[in-house]
Amino acid sequence: MTLVIISHIILALLAVFLGLRNLVSKKGNYTHKVFGWFWVISMAYVSISSFWIKSLNEGKYSFIHLLSIWTLICLVLGIYYIRKKKRKMHYAFMIGPYIGLLIAGILTLLPGRFFDEVFNLFG
């Protein structure tokens with residue numbers, strides 16, 4: 001397993017917890033903004049690092065990489081809309097990538113995928 005894959009996994013897990021924290025906490029205060037920026041940075045890293053992970057598709061890009069591009073667009077738009085004080089649009093463009101992150105994480109548990117193989121080593 002490469003350093004890119006390890007860091008991708010670690011930051012994806014971090015993004016899950018940072019995103020959850022911001023979803024359930026009070027909006028707009030200083031800690032929401034700080035945790036939000038850490039979440040955006042984590043999500044950006046996870047999206048960008050995915051372009052160096054092509055081993056699941058015989059060295060080629062896959063549909064997941066299109067979602068990585070869309071995630072980066074959503075992050076930029078989410079920041080844009082909160083700066084324009086359009087909270088509903090900010091929420092819409094931030095919740096989408098978070099849900100996508102959760103779905104991608106769940107898909108890694110499918111038979112033959114990475115975490116399925118990891119868990120089979122222990123069970």
# chains A, B, ... in the order shown; residues from 1 in each chain; ligands from 1

call {"tool": "residues_around", "arguments": {"residues": "segment 61-64 of chain A", "least_positions_apart": "5", "cutoff": "10 Å", "atoms": "only C-alpha atoms", "output": "list in words"}}
result
Ser47, Ser50, Phe51, Trp52, Ile53, Lys54, Ser55, Leu56, Ile69, Trp70 and Ala104 of chain A

call {"tool": "select_by_dssp", "arguments": {"residues": "segment 49-118 of chain A", "states": "helix (DSSP H, G or I)", "output": "short mmCIF file (atom, residue, chain, number, x, y, z; two decimals) with N, CA and C atoms, in the first residue's frame"}}
result
data_model
loop_
_atom_site.label_atom_id
_atom_site.label_comp_id
_atom_site.auth_asym_id
_atom_site.auth_seq_id
_atom_site.Cartn_x
_atom_site.Cartn_y
_atom_site.Cartn_z
N SER A 49 -5.97 13.43 -4.30
CA SER A 49 -5.14 12.23 -4.17
C SER A 49 -5.75 11.04 -4.93
N SER A 50 -7.06 11.07 -5.15
CA SER A 50 -7.70 9.96 -5.88
C SER A 50 -7.14 9.81 -7.29
N PHE A 51 -6.60 10.89 -7.86
CA PHE A 51 -6.06 10.81 -9.22
C PHE A 51 -4.76 10.01 -9.29
N TRP A 52 -4.17 9.72 -8.15
CA TRP A 52 -2.98 8.87 -8.10
C TRP A 52 -3.33 7.44 -7.70
N SER A 55 -5.31 1.82 -9.26
CA SER A 55 -5.06 0.37 -9.26
C SER A 55 -6.34 -0.46 -9.34
N LEU A 56 -7.47 0.09 -8.93
CA LEU A 56 -8.71 -0.67 -8.97
C LEU A 56 -9.28 -0.81 -10.38
N ASN A 57 -8.79 0.03 -11.29
CA ASN A 57 -9.32 0.03 -12.65
C ASN A 57 -8.20 -0.21 -13.67
N PHE A 63 -15.13 6.16 -12.93
CA PHE A 63 -16.24 7.04 -12.58
C PHE A 63 -15.96 7.80 -11.28
N ILE A 64 -15.27 7.17 -10.37
CA ILE A 64 -14.93 7.81 -9.08
C ILE A 64 -14.14 9.10 -9.32
N HIS A 65 -13.30 9.12 -10.33
CA HIS A 65 -12.49 10.30 -10.59
C HIS A 65 -13.35 11.47 -11.09
N LEU A 66 -14.43 11.17 -11.79
CA LEU A 66 -15.38 12.22 -12.15
C LEU A 66 -16.03 12.80 -10.90
N LEU A 67 -16.35 11.94 -9.96
CA LEU A 67 -16.92 12.41 -8.69
C LEU A 67 -15.91 13.27 -7.92
N SER A 68 -14.63 12.95 -8.04
CA SER A 68 -13.61 13.76 -7.39
C SER A 68 -13.58 15.18 -7.98
N ILE A 69 -13.72 15.28 -9.29
CA ILE A 69 -13.78 16.60 -9.93
C ILE A 69 -15.02 17.35 -9.45
N TRP A 70 -16.15 16.65 -9.41
CA TRP A 70 -17.40 17.28 -8.95
C TRP A 70 -17.27 17.74 -7.49
N THR A 71 -16.62 16.94 -6.66
CA THR A 71 -16.41 17.31 -5.26
C THR A 71 -15.62 18.59 -5.16
N LEU A 72 -14.56 18.72 -5.93
CA LEU A 72 -13.75 19.95 -5.91
C LEU A 72 -14.58 21.16 -6.33
N ILE A 73 -15.43 20.98 -7.34
CA ILE A 73 -16.31 22.07 -7.78
C ILE A 73 -17.28 22.44 -6.66
N CYS A 74 -17.86 21.44 -6.00
CA CYS A 74 -18.80 21.68 -4.90
C CYS A 74 -18.14 22.43 -3.75
N LEU A 75 -16.90 22.08 -3.43
CA LEU A 75 -16.20 22.76 -2.35
C LEU A 75 -16.02 24.24 -2.67
N VAL A 76 -15.60 24.52 -3.89
CA VAL A 76 -15.41 25.92 -4.31
C VAL A 76 -16.74 26.66 -4.26
N LEU A 77 -17.80 26.05 -4.78
CA LEU A 77 -19.11 26.70 -4.77
C LEU A 77 -19.65 26.87 -3.36
N GLY A 78 -19.41 25.90 -2.49
CA GLY A 78 -19.85 26.02 -1.10
C GLY A 78 -19.20 27.20 -0.41
N ILE A 79 -17.92 27.39 -0.65
CA ILE A 79 -17.21 28.55 -0.08
C ILE A 79 -17.73 29.84 -0.70
N TYR A 80 -17.91 29.83 -2.00
CA TYR A 80 -18.42 31.02 -2.70
C TYR A 80 -19.77 31.46 -2.11
N TYR A 81 -20.69 30.49 -1.96
CA TYR A 81 -22.03 30.85 -1.50
C TYR A 81 -22.07 31.32 -0.06
N ILE A 82 -21.23 30.78 0.79
CA ILE A 82 -21.28 31.28 2.18
C ILE A 82 -20.70 32.69 2.24
N ARG A 83 -19.75 32.97 1.39
CA ARG A 83 -19.21 34.35 1.34
C ARG A 83 -20.23 35.33 0.79
N ARG A 87 -26.86 30.90 2.61
CA ARG A 87 -26.65 29.74 3.47
C ARG A 87 -27.23 28.44 2.91
N LYS A 88 -28.41 28.52 2.29
CA LYS A 88 -29.02 27.30 1.75
C LYS A 88 -28.18 26.72 0.62
N MET A 89 -27.64 27.58 -0.22
CA MET A 89 -26.79 27.10 -1.31
C MET A 89 -25.47 26.55 -0.74
N HIS A 90 -24.94 27.22 0.27
CA HIS A 90 -23.73 26.74 0.94
C HIS A 90 -23.97 25.34 1.49
N TYR A 91 -25.07 25.18 2.18
CA TYR A 91 -25.42 23.88 2.76
C TYR A 91 -25.54 22.82 1.66
N ALA A 92 -26.24 23.16 0.59
CA ALA A 92 -26.46 22.20 -0.50
C ALA A 92 -25.14 21.73 -1.10
N PHE A 93 -24.20 22.65 -1.29
CA PHE A 93 -22.93 22.27 -1.91
C PHE A 93 -21.95 21.66 -0.93
N MET A 94 -22.23 21.72 0.35
CA MET A 94 -21.37 21.06 1.33
C MET A 94 -21.92 19.70 1.74
N ILE A 95 -23.24 19.55 1.79
CA ILE A 95 -23.81 18.27 2.21
C ILE A 95 -23.63 17.22 1.11
N GLY A 96 -23.68 17.62 -0.14
CA GLY A 96 -23.51 16.67 -1.24
C GLY A 96 -22.19 15.91 -1.19
N PRO A 97 -21.06 16.61 -1.10
CA PRO A 97 -19.79 15.90 -1.00
C PRO A 97 -19.68 15.05 0.26
N TYR A 98 -20.32 15.49 1.35
CA TYR A 98 -20.27 14.70 2.57
C TYR A 98 -21.03 13.38 2.38
N ILE A 99 -22.20 13.45 1.78
CA ILE A 99 -22.96 12.23 1.51
C ILE A 99 -22.18 11.34 0.55
N GLY A 100 -21.56 11.94 -0.47
CA GLY A 100 -20.73 11.18 -1.40
C GLY A 100 -19.57 10.49 -0.70
N LEU A 101 -18.97 11.18 0.26
CA LEU A 101 -17.88 10.59 1.05
C LEU A 101 -18.36 9.36 1.81
N LEU A 102 -19.53 9.48 2.43
CA LEU A 102 -20.08 8.34 3.17
C LEU A 102 -20.39 7.17 2.24
N ILE A 103 -20.97 7.46 1.07
CA ILE A 103 -21.28 6.39 0.12
C ILE A 103 -19.99 5.74 -0.38
N ALA A 104 -18.99 6.53 -0.71
CA ALA A 104 -17.71 5.98 -1.17
C ALA A 104 -17.10 5.09 -0.09
N GLY A 105 -17.20 5.52 1.17
CA GLY A 105 -16.68 4.71 2.27
C GLY A 105 -17.41 3.39 2.40
N ILE A 106 -18.72 3.43 2.26
CA ILE A 106 -19.51 2.20 2.33
C ILE A 106 -19.16 1.27 1.18
N LEU A 107 -18.93 1.83 0.01
CA LEU A 107 -18.59 1.01 -1.16
C LEU A 107 -17.25 0.31 -1.02
N PHE A 114 -11.11 -2.81 -1.05
CA PHE A 114 -10.00 -2.70 -0.11
C PHE A 114 -10.35 -3.11 1.31
N PHE A 115 -11.34 -2.48 1.92
CA PHE A 115 -11.61 -2.77 3.33
C PHE A 115 -12.21 -4.16 3.53
N ASP A 116 -12.91 -4.67 2.52
CA ASP A 116 -13.40 -6.05 2.59
C ASP A 116 -12.20 -6.99 2.74
N GLU A 117 -11.16 -6.75 1.95
CA GLU A 117 -9.96 -7.59 2.04
C GLU A 117 -9.23 -7.40 3.36
N VAL A 118 -9.19 -6.16 3.87
CA VAL A 118 -8.54 -5.89 5.16
C VAL A 118 -9.27 -6.63 6.27
#

call {"tool": "atom_distance", "arguments": {"atom1": "atom CA of Trp39 of chain A", "atom2": "atom CA of Gly112 of chain A"}}
result
28.9 Å

call {"tool": "atom_distance", "arguments": {"atom1": "atom CA of Leu13 of chain A", "atom2": "atom CA of Lys86 of chain A"}}
result
28.3 Å

call {"tool": "residues_around", "arguments": {"residues": "Phe17 of chain A", "least_positions_apart": "2", "cutoff": "12 Å", "atoms": "only C-alpha atoms", "output": "number ranges by chain"}}
result
A: 10-15, 19-24, 35-36, 38-39, 42-43, 98, 101-102
